[in-house]
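> Please see the structure below; I have some questions.
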Amino acid sequence: MAASIMVAEHSEIIRKGMLDILHHSGLFNQVREVHCAANLPEMVSRYKPDILIVNPAMVDTNIRDELANGTDYHLKLAAIVYHFYEEDKLAVFDEVISINNTRAKIVKKLHRLLQKETVQNKTDISQVLTAREKDVLKLLVGGLSNKEVSEKLFISSHTVMSHRKNISRKLSIKSLAGLTVYALLHKIVSLEDLQR
């Protein structure tokens, strides 16, 4: 498989450990590293990796938009986590790799991430959204506010907004009316749900 990956991590011991796993995985023909957050945008722009494994402390929640820089470049993001992070901070990532994951589990997660786009292109578009994103979408098109959705699902308002951003980005639909039409067409909600 001809894929490229980049690891952005401050800690040399963690970064080098990830690089060792990646080199021996057989999944990637190019493996690069970044140790400084300031160099990250330039390195991603120059090398355009298929996957970026990054310490969430090195990036903002709008990292995907920043790194795409107005282009159609779609970067798959994986967080490498060894501290506690709020759910909304991790919601922007396509995958989360825990420091406690085994080598086999890390390789499996990355392989699945590489296959994700191919599978999504072959499946119904409604499968693009996670189950949680569908829950949020159902409540939003049902007329609930972000605060009401957060109370109903027992998550923070920030997490609801992160899910909402991800839904809009994945579907390329910005308006609530457009999301409602999408939800109806893909049987996420029914007309009866909307009339309650």
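Identifiers for the structure tokens are assigned positionally: chains receive A, B, ... in sequence, residues are indexed from 1 per chain, and ligands are indexed from 1 in the order shown.
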When DSSP works through the backbone of this structure, what residues of chain A end up as helix (DSSP H, G or I), shown as a ChimeraX atom specification?
/A:12-25,37-47,56-58,63-68,87-90,103-122,125-128,131-141,146-153,157-171,176-185,191-195
> Near Asp60 in chain A, within 12 Å and counting only C-alpha atoms, which residues show up once chain neighbours fewer than 3 positions away are dropped, as a ChimeraX atom specification?
/A:37,40-41,54-57,63-67,88-93
> Could you list, with a cut-off of 10 Å and counting only C-alpha atoms, the residues of range 28-87 of chain A near range 97-108 of chain A, each shown with its nearest atom pair and the distance in Å rounded to one decimal, rows sorted by chain and ascending number, as a Markdown table?

```
| residue | atom | partner | partner_atom | distance |
| --- | --- | --- | --- | --- |
| A:Ile53 | CA | A:Ile97 | CA | 8.5 |
| A:Val54 | CA | A:Ile97 | CA | 9.7 |
| A:Asn55 | CA | A:Ile97 | CA | 9.9 |
| A:Ala78 | CA | A:Ile97 | CA | 6.8 |
| A:Ala79 | CA | A:Ile97 | CA | 5.9 |
| A:Ile80 | CA | A:Ile97 | CA | 4.8 |
| A:Val81 | CA | A:Ser98 | CA | 4.9 |
| A:Tyr82 | CA | A:Ile99 | CA | 5.3 |
| A:His83 | CA | A:Ile99 | CA | 9.0 |
```
> What would the file look like if the residues just selected were written as a tab-separated table (two decimals), in the first residue's frame with N, CA and C atoms?

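Okay, part_31.tsv is ready:
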```tsv
chain	number	residue	atom	x	y	z
A	53	ILE	N	-0.63	11.68	12.60
A	53	ILE	CA	-0.79	11.31	14.01
A	53	ILE	C	-0.24	12.47	14.81
A	54	VAL	N	-1.06	13.05	15.67
A	54	VAL	CA	-0.64	14.27	16.35
A	54	VAL	C	-1.07	14.28	17.80
A	55	ASN	N	-0.23	14.84	18.63
A	55	ASN	CA	-0.57	15.09	20.02
A	55	ASN	C	-1.60	16.22	20.04
A	78	ALA	N	-5.28	11.38	13.37
A	78	ALA	CA	-5.31	10.46	14.50
A	78	ALA	C	-4.65	11.15	15.68
A	79	ALA	N	-5.30	11.11	16.83
A	79	ALA	CA	-4.73	11.71	18.04
A	79	ALA	C	-3.93	10.64	18.77
A	80	ILE	N	-2.75	11.03	19.26
A	80	ILE	CA	-2.01	10.13	20.15
A	80	ILE	C	-2.21	10.68	21.56
A	81	VAL	N	-2.83	9.88	22.41
A	81	VAL	CA	-3.32	10.37	23.69
A	81	VAL	C	-2.65	9.64	24.86
A	82	TYR	N	-2.10	10.45	25.77
A	82	TYR	CA	-1.57	9.88	27.01
A	82	TYR	C	-1.91	10.77	28.20
A	83	HIS	N	-2.84	11.71	27.99
A	83	HIS	CA	-3.42	12.54	29.04
A	83	HIS	C	-4.93	12.51	28.84
```
> When DSSP works through the backbone of this structure, what residues of range 87-142 of chain A end up as strand (DSSP E), shown as a VMD selection string?
chain A and resid 95 to 98
> What lies within 8 Å of Leu179 in chain A using only C-alpha atoms, ignoring chain neighbours under 5 positions off, as number ranges by chain?
A: 137, 141, 173-174
> As an NGL selection string, please: the residues near range 153-160 of chain A (cut-off 9 Å, only C-alpha atoms, same-chain neighbours under 3 positions excluded).
:A and (86-89 or 91 or 133 or 135-136 or 146-150 or 163-165)
> For those residues, write N, CA and C atoms to a file as a PDB file, in the first residue's frame.

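Output file again_12.pdb is given in full below:
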```pdb
ATOM      1  N   GLU A  86     -10.927  16.462  27.003  1.00  0.00           N
ATOM      2  CA  GLU A  86     -12.384  16.569  26.886  1.00  0.00           C
ATOM      3  C   GLU A  86     -12.826  15.953  25.561  1.00  0.00           C
ATOM      4  N   GLU A  87     -14.048  15.452  25.544  1.00  0.00           N
ATOM      5  CA  GLU A  87     -14.587  14.789  24.353  1.00  0.00           C
ATOM      6  C   GLU A  87     -14.584  15.718  23.135  1.00  0.00           C
ATOM      7  N   ASP A  88     -14.873  17.014  23.346  1.00  0.00           N
ATOM      8  CA  ASP A  88     -14.931  17.940  22.204  1.00  0.00           C
ATOM      9  C   ASP A  88     -13.559  18.177  21.590  1.00  0.00           C
ATOM     10  N   LYS A  89     -12.500  18.058  22.372  1.00  0.00           N
ATOM     11  CA  LYS A  89     -11.140  18.206  21.839  1.00  0.00           C
ATOM     12  C   LYS A  89     -10.795  17.031  20.922  1.00  0.00           C
ATOM     13  N   ALA A  91     -13.103  15.152  19.353  1.00  0.00           N
ATOM     14  CA  ALA A  91     -14.147  14.958  18.336  1.00  0.00           C
ATOM     15  C   ALA A  91     -13.675  15.292  16.924  1.00  0.00           C
ATOM     16  N   GLU A 133     -23.095  11.215  15.802  1.00  0.00           N
ATOM     17  CA  GLU A 133     -23.419  12.338  14.918  1.00  0.00           C
ATOM     18  C   GLU A 133     -24.854  12.234  14.418  1.00  0.00           C
ATOM     19  N   ASP A 135     -27.303  10.869  16.110  1.00  0.00           N
ATOM     20  CA  ASP A 135     -28.130  11.256  17.261  1.00  0.00           C
ATOM     21  C   ASP A 135     -28.239  12.778  17.356  1.00  0.00           C
ATOM     22  N   VAL A 136     -27.104  13.450  17.207  1.00  0.00           N
ATOM     23  CA  VAL A 136     -27.078  14.916  17.273  1.00  0.00           C
ATOM     24  C   VAL A 136     -27.889  15.507  16.125  1.00  0.00           C
ATOM     25  N   ASN A 146     -28.614  23.796  20.615  1.00  0.00           N
ATOM     26  CA  ASN A 146     -27.381  23.113  21.032  1.00  0.00           C
ATOM     27  C   ASN A 146     -27.446  22.744  22.513  1.00  0.00           C
ATOM     28  N   LYS A 147     -27.948  23.681  23.326  1.00  0.00           N
ATOM     29  CA  LYS A 147     -28.038  23.447  24.776  1.00  0.00           C
ATOM     30  C   LYS A 147     -28.989  22.302  25.079  1.00  0.00           C
ATOM     31  N   GLU A 148     -30.138  22.272  24.405  1.00  0.00           N
ATOM     32  CA  GLU A 148     -31.108  21.201  24.625  1.00  0.00           C
ATOM     33  C   GLU A 148     -30.555  19.844  24.179  1.00  0.00           C
ATOM     34  N   VAL A 149     -29.829  19.835  23.066  1.00  0.00           N
ATOM     35  CA  VAL A 149     -29.200  18.590  22.590  1.00  0.00           C
ATOM     36  C   VAL A 149     -28.180  18.102  23.616  1.00  0.00           C
ATOM     37  N   SER A 150     -27.381  19.041  24.147  1.00  0.00           N
ATOM     38  CA  SER A 150     -26.357  18.656  25.130  1.00  0.00           C
ATOM     39  C   SER A 150     -26.998  18.057  26.381  1.00  0.00           C
ATOM     40  N   HIS A 163     -19.624  18.227  17.050  1.00  0.00           N
ATOM     41  CA  HIS A 163     -20.349  17.250  16.224  1.00  0.00           C
ATOM     42  C   HIS A 163     -21.035  17.954  15.061  1.00  0.00           C
ATOM     43  N   ARG A 164     -21.631  19.095  15.353  1.00  0.00           N
ATOM     44  CA  ARG A 164     -22.347  19.839  14.311  1.00  0.00           C
ATOM     45  C   ARG A 164     -21.384  20.274  13.197  1.00  0.00           C
ATOM     46  N   LYS A 165     -20.198  20.751  13.591  1.00  0.00           N
ATOM     47  CA  LYS A 165     -19.178  21.140  12.602  1.00  0.00           C
ATOM     48  C   LYS A 165     -18.748  19.945  11.761  1.00  0.00           C
TER      49      LYS A 165
END
```
> Here is a test: counting only C-alpha atoms, which residue of A:Glu151, A:Ser11, A:Lys138, A:Met161 is nearest to Tyr182 in chain A?
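Checking each candidate against Tyr182 in chain A, we get A:Lys138 as the closest.
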> May I ask for the distance between CA of Gly143 in chain A and CA of Ile188 in chain A, given in Å to one decimal place?
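One can read the CA of Gly143 in chain A to CA of Ile188 in chain A distance as 14.5 Å.
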> Using CA of Ile21 in chain A and CA of Glu42 in chain A as the two end points, give the distance in Å to one decimal.
24.5 Å
> With distances taken over only C-alpha atoms, which of A:Leu19, A:Ile167, A:His24, A:Gln30 is nearest to Ala131 in chain A?
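Using only C-alpha atoms, the shortest distance to Ala131 in chain A belongs to A:Ile167.
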> Between CA of Leu194 in chain A and CA of Lys152 in chain A, what distance in Å does the model show, to one decimal?
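Answer for the CA of Leu194 in chain A to CA of Lys152 in chain A separation: 16.8 Å.
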